[in-house]
$ cat input22.cif   # mmCIF, C-alpha atoms and all ligand atoms
data_final
#
loop_
_atom_site.group_PDB
_atom_site.id
_atom_site.type_symbol
_atom_site.label_atom_id
_atom_site.label_comp_id
_atom_site.auth_asym_id
_atom_site.auth_seq_id
_atom_site.Cartn_x
_atom_site.Cartn_y
_atom_site.Cartn_z
ATOM 1 C CA MET A 44 0.000 0.000 0.000
ATOM 2 C CA SER A 45 1.474 3.363 -1.004
ATOM 3 C CA LEU A 46 1.845 6.080 1.611
ATOM 4 C CA ALA A 47 -0.446 8.416 -0.363
ATOM 5 C CA PHE A 48 -3.187 5.763 -0.401
ATOM 6 C CA LEU A 49 -2.662 5.034 3.297
ATOM 7 C CA SER A 50 -3.045 8.766 3.962
ATOM 8 C CA SER A 51 -6.424 8.818 2.166
ATOM 9 C CA VAL A 52 -7.567 5.782 4.188
ATOM 10 C CA ILE A 53 -6.526 7.423 7.491
ATOM 11 C CA ILE A 54 -8.369 10.644 6.575
ATOM 12 C CA ALA A 55 -11.530 8.738 5.564
ATOM 13 C CA VAL A 56 -11.484 6.598 8.732
ATOM 14 C CA ALA A 57 -10.897 9.704 10.891
ATOM 15 C CA ALA A 58 -13.856 11.429 9.200
ATOM 16 C CA VAL A 59 -16.149 8.467 9.981
ATOM 17 C CA ILE A 60 -14.962 8.347 13.616
ATOM 18 C CA LEU A 61 -15.509 12.114 14.038
ATOM 19 C CA VAL A 62 -19.007 11.921 12.539
ATOM 20 C CA LEU A 63 -19.874 9.070 14.947
ATOM 21 C CA LEU A 64 -18.480 11.056 17.903
ATOM 22 C CA GLU A 65 -20.496 14.106 16.758
ATOM 23 C CA ARG A 66 -23.646 11.961 16.937
ATOM 24 C CA ARG A 67 -22.727 10.543 20.369
ATOM 25 C CA PHE A 68 -21.291 13.668 22.079
ATOM 26 C CA PRO A 69 -22.659 16.731 20.228
ATOM 27 C CA TYR A 70 -21.391 20.172 21.241
ATOM 28 C CA ASP A 71 -24.463 21.766 19.635
ATOM 29 C CA LYS A 72 -27.426 19.433 19.762
ATOM 30 C CA GLY A 73 -29.647 19.031 16.709
ATOM 31 C CA GLN A 74 -26.994 19.774 14.095
ATOM 32 C CA LYS A 75 -27.624 17.639 11.014
ATOM 33 C CA ILE A 76 -24.989 15.690 9.036
ATOM 34 C CA PHE A 77 -26.473 16.838 5.706
ATOM 35 C CA ARG A 78 -26.691 20.465 6.760
ATOM 36 C CA GLU A 79 -26.852 23.533 4.520
ATOM 37 C CA GLY A 80 -23.829 23.638 2.207
ATOM 38 C CA PHE A 81 -22.926 19.952 2.655
ATOM 39 C CA PHE A 82 -22.649 19.279 -1.100
ATOM 40 C CA ASN A 83 -20.612 22.446 -1.675
ATOM 41 C CA ASP A 84 -18.234 21.726 1.187
ATOM 42 C CA PHE A 85 -17.807 18.018 0.525
ATOM 43 C CA VAL A 86 -17.852 17.681 -3.248
ATOM 44 C CA LEU A 87 -16.750 21.093 -4.503
ATOM 45 C CA TYR A 88 -14.352 22.266 -1.790
ATOM 46 C CA THR A 89 -13.033 18.961 -0.369
ATOM 47 C CA LEU A 90 -12.801 16.869 -3.522
ATOM 48 C CA VAL A 91 -12.726 19.119 -6.606
ATOM 49 C CA GLN A 92 -11.064 22.312 -5.337
ATOM 50 C CA SER A 93 -8.441 20.454 -3.254
ATOM 51 C CA TYR A 94 -7.525 18.317 -6.245
ATOM 52 C CA VAL A 95 -7.252 21.253 -8.658
ATOM 53 C CA MET A 96 -5.354 23.435 -6.188
ATOM 54 C CA GLY A 97 -3.003 20.530 -5.434
ATOM 55 C CA LEU A 98 -2.073 20.432 -9.130
ATOM 56 C CA VAL A 99 -1.664 24.219 -9.339
ATOM 57 C CA ILE A 100 0.507 24.373 -6.192
ATOM 58 C CA ALA A 101 2.666 21.437 -7.357
ATOM 59 C CA TRP A 102 3.158 23.250 -10.684
ATOM 60 C CA ILE A 103 4.162 26.509 -8.942
ATOM 61 C CA ILE A 104 6.658 24.713 -6.698
ATOM 62 C CA GLU A 105 8.073 22.838 -9.693
ATOM 63 C CA ARG A 106 8.488 26.131 -11.598
ATOM 64 C CA ILE A 107 10.294 27.745 -8.634
ATOM 65 C CA ASP A 108 12.549 24.716 -8.350
ATOM 66 C CA SER A 109 13.372 24.449 -12.020
ATOM 67 C CA SER A 110 14.357 28.116 -12.155
ATOM 68 C CA THR A 111 16.438 28.049 -8.955
ATOM 69 C CA ASP A 112 17.561 24.411 -8.660
ATOM 70 C CA ILE A 113 17.351 24.912 -4.933
ATOM 71 C CA SER A 114 16.166 21.398 -4.073
ATOM 72 C CA ARG A 115 19.437 19.990 -5.458
ATOM 73 C CA LEU A 116 21.230 21.582 -2.499
ATOM 74 C CA HIS A 117 19.387 19.086 -0.226
ATOM 75 C CA LEU A 118 19.562 21.581 2.608
ATOM 76 C CA VAL A 119 17.626 19.474 5.119
ATOM 77 C CA SER A 120 17.909 16.022 3.537
ATOM 78 C CA SER A 121 20.384 14.732 6.100
ATOM 79 C CA TRP A 122 18.165 15.631 9.073
ATOM 80 C CA PRO A 123 16.362 12.682 10.690
ATOM 81 C CA LEU A 124 12.766 12.330 9.497
ATOM 82 C CA TRP A 125 11.314 13.234 12.902
ATOM 83 C CA VAL A 126 13.371 16.454 13.027
ATOM 84 C CA GLN A 127 12.182 17.424 9.532
ATOM 85 C CA MET A 128 8.577 16.752 10.587
ATOM 86 C CA LEU A 129 8.895 18.697 13.828
ATOM 87 C CA VAL A 130 10.582 21.729 12.242
ATOM 88 C CA PHE A 131 8.157 22.039 9.305
ATOM 89 C CA PHE A 132 5.191 21.383 11.591
ATOM 90 C CA VAL A 133 6.073 24.041 14.184
ATOM 91 C CA VAL A 134 7.321 26.682 11.722
ATOM 92 C CA HIS A 135 4.234 26.367 9.514
ATOM 93 C CA ASP A 136 1.889 26.377 12.495
ATOM 94 C CA PHE A 137 3.520 29.591 13.727
ATOM 95 C CA TYR A 138 3.140 31.134 10.249
ATOM 96 C CA ILE A 139 -0.500 30.109 9.952
ATOM 97 C CA TYR A 140 -1.321 31.634 13.350
ATOM 98 C CA TRP A 141 -0.027 35.051 12.215
ATOM 99 C CA PHE A 142 -1.421 34.858 8.686
ATOM 100 C CA HIS A 143 -4.823 33.865 10.082
ATOM 101 C CA ARG A 144 -4.665 36.719 12.582
ATOM 102 C CA ALA A 145 -3.753 39.129 9.774
ATOM 103 C CA GLN A 146 -6.761 37.880 7.798
ATOM 104 C CA HIS A 147 -9.011 39.030 10.622
ATOM 105 C CA HIS A 148 -7.398 42.474 10.680
ATOM 106 C CA SER A 149 -6.936 43.316 6.996
ATOM 107 C CA LYS A 150 -10.035 44.015 4.953
ATOM 108 C CA TYR A 151 -8.273 42.610 1.877
ATOM 109 C CA LEU A 152 -7.091 39.375 3.471
ATOM 110 C CA TRP A 153 -10.462 38.981 5.196
ATOM 111 C CA ARG A 154 -12.076 38.661 1.762
ATOM 112 C CA ILE A 155 -10.344 35.326 1.136
ATOM 113 C CA HIS A 156 -11.137 34.082 4.659
ATOM 114 C CA GLU A 157 -14.817 35.065 4.727
ATOM 115 C CA ALA A 158 -15.920 31.825 3.029
ATOM 116 C CA HIS A 159 -14.414 29.844 5.896
ATOM 117 C CA HIS A 160 -16.491 31.817 8.404
ATOM 118 C CA ALA A 161 -19.707 31.798 6.390
ATOM 119 C CA THR A 162 -20.834 28.327 7.462
ATOM 120 C CA LYS A 163 -23.755 28.453 9.884
ATOM 121 C CA ASP A 164 -23.133 24.914 11.136
ATOM 122 C CA VAL A 165 -19.602 24.202 12.294
ATOM 123 C CA ASP A 166 -18.819 20.510 11.954
ATOM 124 C CA TRP A 167 -16.121 18.028 10.802
ATOM 125 C CA LEU A 168 -16.537 19.266 7.218
ATOM 126 C CA SER A 169 -16.512 23.016 7.831
ATOM 127 C CA GLY A 170 -12.723 23.332 7.769
ATOM 128 C CA SER A 171 -12.643 22.338 4.118
ATOM 129 C CA ARG A 172 -14.456 25.514 3.091
ATOM 130 C CA SER A 173 -11.590 27.841 2.247
ATOM 131 C CA HIS A 174 -11.360 30.236 -0.671
ATOM 132 C CA ALA A 175 -9.109 28.918 -3.476
ATOM 133 C CA LEU A 176 -6.780 31.902 -3.076
ATOM 134 C CA GLU A 177 -6.415 31.216 0.638
ATOM 135 C CA ILE A 178 -5.515 27.596 -0.160
ATOM 136 C CA LEU A 179 -3.086 28.762 -2.849
ATOM 137 C CA ILE A 180 -1.220 31.068 -0.444
ATOM 138 C CA ASN A 181 -1.222 28.834 2.616
ATOM 139 C CA GLN A 182 -0.417 25.537 0.964
ATOM 140 C CA THR A 183 2.301 27.024 -1.234
ATOM 141 C CA VAL A 184 3.897 28.507 1.895
ATOM 142 C CA GLU A 185 3.483 25.133 3.591
ATOM 143 C CA PHE A 186 4.701 22.749 0.912
ATOM 144 C CA ALA A 187 7.215 24.817 -1.078
ATOM 145 C CA PRO A 188 9.860 24.785 1.701
ATOM 146 C CA ILE A 189 9.377 21.031 2.190
ATOM 147 C CA ALA A 190 10.077 20.384 -1.491
ATOM 148 C CA LEU A 191 12.651 23.102 -2.084
ATOM 149 C CA LEU A 192 14.784 22.392 0.976
ATOM 150 C CA GLY A 193 14.964 18.724 0.050
ATOM 151 C CA ALA A 194 12.897 17.185 2.839
ATOM 152 C CA ARG A 195 11.940 13.510 2.594
ATOM 153 C CA PRO A 196 8.801 13.000 0.425
ATOM 154 C CA GLU A 197 7.048 11.391 3.409
ATOM 155 C CA VAL A 198 7.104 14.768 5.202
ATOM 156 C CA ALA A 199 4.609 16.269 2.738
ATOM 157 C CA ILE A 200 2.348 13.203 2.948
ATOM 158 C CA PHE A 201 2.475 12.986 6.762
ATOM 159 C CA LYS A 202 1.904 16.730 7.043
ATOM 160 C CA GLY A 203 -1.014 16.683 4.607
ATOM 161 C CA THR A 204 -2.592 13.851 6.613
ATOM 162 C CA ILE A 205 -2.134 15.678 9.934
ATOM 163 C CA ASP A 206 -3.570 18.889 8.411
ATOM 164 C CA ALA A 207 -6.682 17.084 7.176
ATOM 165 C CA VAL A 208 -7.372 15.108 10.363
ATOM 166 C CA TRP A 209 -6.607 17.975 12.770
ATOM 167 C CA GLY A 210 -8.605 20.386 10.606
ATOM 168 C CA MET A 211 -11.648 18.112 10.789
ATOM 169 C CA TYR A 212 -11.156 17.670 14.555
ATOM 170 C CA ILE A 213 -11.004 21.365 15.537
ATOM 171 C CA HIS A 214 -14.232 22.075 13.630
ATOM 172 C CA SER A 215 -16.066 18.927 14.721
ATOM 173 C CA ASN A 216 -19.295 19.280 16.652
ATOM 174 C CA ILE A 217 -17.933 17.242 19.554
ATOM 175 C CA ASP A 218 -18.162 18.369 23.150
ATOM 176 C CA VAL A 219 -14.488 17.930 24.067
ATOM 177 C CA ARG A 220 -13.058 19.504 27.204
ATOM 178 C CA SER A 221 -9.376 18.679 27.120
ATOM 179 C CA GLY A 222 -8.182 20.589 30.187
ATOM 180 C CA LYS A 223 -4.500 21.576 30.175
ATOM 181 C CA LEU A 224 -3.921 19.602 26.960
ATOM 182 C CA GLN A 225 -5.930 22.304 25.168
ATOM 183 C CA TRP A 226 -3.095 24.770 25.839
ATOM 184 C CA PHE A 227 -1.024 22.804 23.327
ATOM 185 C CA PHE A 228 -3.405 20.700 21.237
ATOM 186 C CA ASN A 229 -6.075 22.877 19.721
ATOM 187 C CA GLY A 230 -9.555 21.392 19.557
ATOM 188 C CA PRO A 231 -13.229 22.231 19.005
ATOM 189 C CA GLU A 232 -13.494 23.769 22.460
ATOM 190 C CA MET A 233 -11.542 26.826 21.292
ATOM 191 C CA HIS A 234 -11.948 26.759 17.515
ATOM 192 C CA ARG A 235 -15.758 26.650 17.594
ATOM 193 C CA TRP A 236 -15.559 29.921 19.515
ATOM 194 C CA HIS A 237 -13.367 31.303 16.722
ATOM 195 C CA HIS A 238 -16.401 30.827 14.448
ATOM 196 C CA ALA A 239 -18.924 32.237 16.950
ATOM 197 C CA ILE A 240 -21.329 34.829 15.564
ATOM 198 C CA GLU A 241 -20.927 37.036 18.636
ATOM 199 C CA ILE A 242 -17.204 37.532 17.942
ATOM 200 C CA THR A 243 -16.788 40.958 16.418
ATOM 201 C CA GLU A 244 -13.909 42.206 14.298
ATOM 202 C CA GLY A 245 -10.465 41.355 15.604
ATOM 203 C CA GLY A 246 -11.308 37.795 16.516
ATOM 204 C CA ILE A 247 -9.969 35.270 19.026
ATOM 205 C CA ASN A 248 -8.429 31.777 19.019
ATOM 206 C CA PHE A 249 -6.499 31.967 15.750
ATOM 207 C CA ALA A 250 -4.470 28.788 16.286
ATOM 208 C CA THR A 251 -5.120 25.760 14.129
ATOM 209 C CA LYS A 252 -3.047 22.978 15.663
ATOM 210 C CA LEU A 253 -0.999 24.387 18.547
ATOM 211 C CA ALA A 254 -3.179 26.527 20.807
ATOM 212 C CA ILE A 255 -0.033 27.668 22.607
ATOM 213 C CA TRP A 256 0.292 30.560 20.119
ATOM 214 C CA ASP A 257 -3.037 31.979 21.340
ATOM 215 C CA TYR A 258 -1.860 31.741 24.943
ATOM 216 C CA LEU A 259 1.557 33.253 24.150
ATOM 217 C CA PHE A 260 0.191 36.149 22.095
ATOM 218 C CA GLY A 261 -2.883 36.957 24.180
ATOM 219 C CA THR A 262 -5.695 35.799 21.906
ATOM 220 C CA ALA A 263 -6.875 32.705 23.794
ATOM 221 C CA VAL A 264 -10.473 32.775 24.989
ATOM 222 C CA ARG A 265 -12.153 29.740 26.474
ATOM 223 C CA PRO A 266 -15.637 30.569 27.722
ATOM 224 C CA ALA A 267 -17.538 28.031 29.787
ATOM 225 C CA GLN A 268 -20.719 28.570 27.772
ATOM 226 C CA LYS A 269 -21.360 27.814 24.122
ATOM 227 C CA PRO A 270 -21.700 30.313 21.243
ATOM 228 C CA ARG A 271 -25.120 31.627 20.214
ATOM 229 C CA GLY A 272 -24.439 30.533 16.660
ATOM 230 C CA TYR A 273 -21.921 30.647 13.845
ATOM 231 C CA GLY A 274 -21.439 32.449 10.561
ATOM 232 C CA LEU A 275 -21.399 35.994 9.248
ATOM 233 C CA SER A 276 -23.926 38.604 10.225
ATOM 234 C CA ASP A 277 -22.779 41.506 8.064
ATOM 235 C CA VAL A 278 -23.116 40.008 4.572
ATOM 236 C CA ASP A 279 -25.528 37.800 2.716
ATOM 237 C CA PHE A 280 -23.001 35.167 1.688
ATOM 238 C CA PRO A 281 -23.880 33.294 -1.531
ATOM 239 C CA THR A 282 -24.661 29.577 -1.392
ATOM 240 C CA ASN A 283 -23.298 28.681 -4.835
ATOM 241 C CA TYR A 284 -19.607 27.653 -4.975
ATOM 242 C CA LEU A 285 -18.653 29.805 -7.967
ATOM 243 C CA ARG A 286 -20.490 32.820 -6.537
ATOM 244 C CA GLN A 287 -18.606 32.254 -3.278
ATOM 245 C CA LEU A 288 -15.332 32.375 -5.222
ATOM 246 C CA VAL A 289 -16.109 35.666 -6.981
ATOM 247 C CA PHE A 290 -17.804 37.199 -3.912
ATOM 248 C CA ALA A 291 -14.296 37.831 -2.525
ATOM 249 C CA PHE A 292 -13.685 40.315 -5.342
ATOM 250 C CA ARG A 293 -16.773 42.517 -4.861
ATOM 251 C CA ARG A 294 -16.417 46.262 -4.305
ATOM 252 C CA PHE A 295 -15.560 47.481 -0.830
ATOM 253 C CA SER A 296 -18.255 49.432 0.925
ATOM 254 C CA GLY A 297 -16.548 50.563 4.102
ATOM 255 C CA VAL A 298 -16.893 47.217 5.882
ATOM 256 C CA THR A 299 -13.871 46.370 7.987
ATOM 257 C CA ALA A 300 -12.271 42.997 8.588
ATOM 258 C CA GLY A 301 -13.819 40.332 10.747
ATOM 259 C CA ALA A 302 -17.234 38.866 11.247
ATOM 260 C CA VAL A 303 -19.181 41.902 12.357
ATOM 261 C CA ALA A 304 -21.939 40.784 14.642
ATOM 262 C CA PRO A 305 -24.717 42.600 16.452
ATOM 263 C CA PRO A 306 -23.799 43.550 20.015
ATOM 264 C CA GLY A 307 -23.533 40.458 22.167
ATOM 265 C CA PRO A 308 -22.172 39.782 25.625
ATOM 266 C CA PRO A 309 -18.634 41.186 25.926
ATOM 267 C CA LEU A 310 -16.104 38.365 25.836
ATOM 268 C CA GLY A 311 -14.347 39.794 28.857
ATOM 269 C CA GLY A 312 -17.498 39.135 30.856
ATOM 270 C CA MET A 313 -17.626 35.485 29.918
ATOM 271 C CA PRO A 314 -16.670 33.119 32.677
ATOM 272 C CA GLU A 315 -13.574 31.147 31.778
ATOM 273 C CA GLU A 316 -13.701 27.422 32.135
ATOM 274 C CA PRO A 317 -11.499 26.027 34.876
ATOM 275 C CA SER A 318 -8.191 25.194 33.223
ATOM 276 C CA SER A 319 -7.870 21.642 34.438
HETATM 277 ZN ZN ZN A 401 -10.717 32.883 11.063
HETATM 278 ZN ZN ZN A 402 -12.209 27.283 11.199
#

$ encode --input "input22.cif" --output "structure tokens"
Amino acid sequence: MSLAFLSSVIIAVAAVILVLLERRFPYDKGQKIFREGFFNDFVLYTLVQSYVMGLVIAWIIERIDSSTDISRLHLVSSWPLWVQMLVFFVVHDFYIYWFHRAQHHSKYLWRIHEAHHATKDVDWLSGSRSHALEILINQTVEFAPIALLGARPEVAIFKGTIDAVWGMYIHSNIDVRSGKLQWFFNGPEMHRWHHAIEITEGGINFATKLAIWDYLFGTAVRPAQKPRGYGLSDVDFPTNYLRQLVFAFRRFSGVTAGAVAPPGPPLGGMPEEPSS
């Protein structure tokens, strides 16, 4: 069995397990599996867009390499596999924290992140909804160094698998309270709040995998109660995939970055969950 095939099997099995756990331990009760946007998110974003963007990103990286020959220097090839994994994992996670935070503060970058926040039901599938341009930027930044610095090919496959499984986990509708582990291993407990409709511009909980960045840089919020809902309250986001793609390029009308919600309870007034 090839590693790439094994990766697909692991991702599919993880998806089934998460869906079963969502049924057994729901964070928000009554959320349906086949909720609004299921076809879009599963078929168009997860299968079609990921495949097409994978080809585009591989082509870009190949072009960079053929014009610079940088991968022939094998800059990290002699490092043990686990060191390569650890370095690329931590460095990319640090990058994605800051890029994600910038997306919530820049009205231009917010445009390619809006699709991700438009879903009204946050579940195992919601993480797949990302604008093609957001995927292009983030995955090129993620995979170009792996290829260009001469990392082992397994690093890209392992990393892609971890991204997919962890991405499904942090969005899953599972009532997980992971205590002190949550400081390091991000989960639905914090990321569902990142999608909360009551979060106004600026945002909270930007981490994807390592929640430690939110604790280090002062953006961690972990309320004891659950959000009122999810999604965008300032725009009427289209339901059609192609319209969602072009919606990012509409004219600006003075709206600033972030999901602008009607006044809700101030986050500072929310009781924090005990940290153990
Ligand atoms: Zn966000
Ligand atoms: Zn998310």

$ residues_around --input "input22.cif" --residues "stretch 106-121 of chain A" --least-positions-apart "3" --cutoff "6 Å" --atoms "all atoms listed in the file" --output "VMD selection string"
chain A and resid 103 191 to 194

$ atom_distance --input "input22.cif" --atom1 "atom CA of A:Ile139" --atom2 "atom CA of A:Leu124"
22.2 Å

$ atom_distance --input "input22.cif" --atom1 "atom CA of A:Leu46" --atom2 "atom CA of A:Met128"
15.5 Å

$ residues_near_point --input "input22.cif" --point "(-4.5, 13.9, 8.5)" --cutoff "12 Å" --atoms "all atoms listed in the file" --output "list in words"
Ala47, Leu49, Ser50, Ser51, Val52, Ile53, Ile54, Ala55, Val56, Ala57, Ala58, Ala199, Ile200, Phe201, Lys202, Gly203, Thr204, Ile205, Asp206, Ala207, Val208, Trp209, Gly210, Met211, Tyr212 and Lys252 of chain A

$ atom_distance --input "input22.cif" --atom1 "atom CA of A:Met44" --atom2 "atom CA of A:Leu63"
26.5 Å
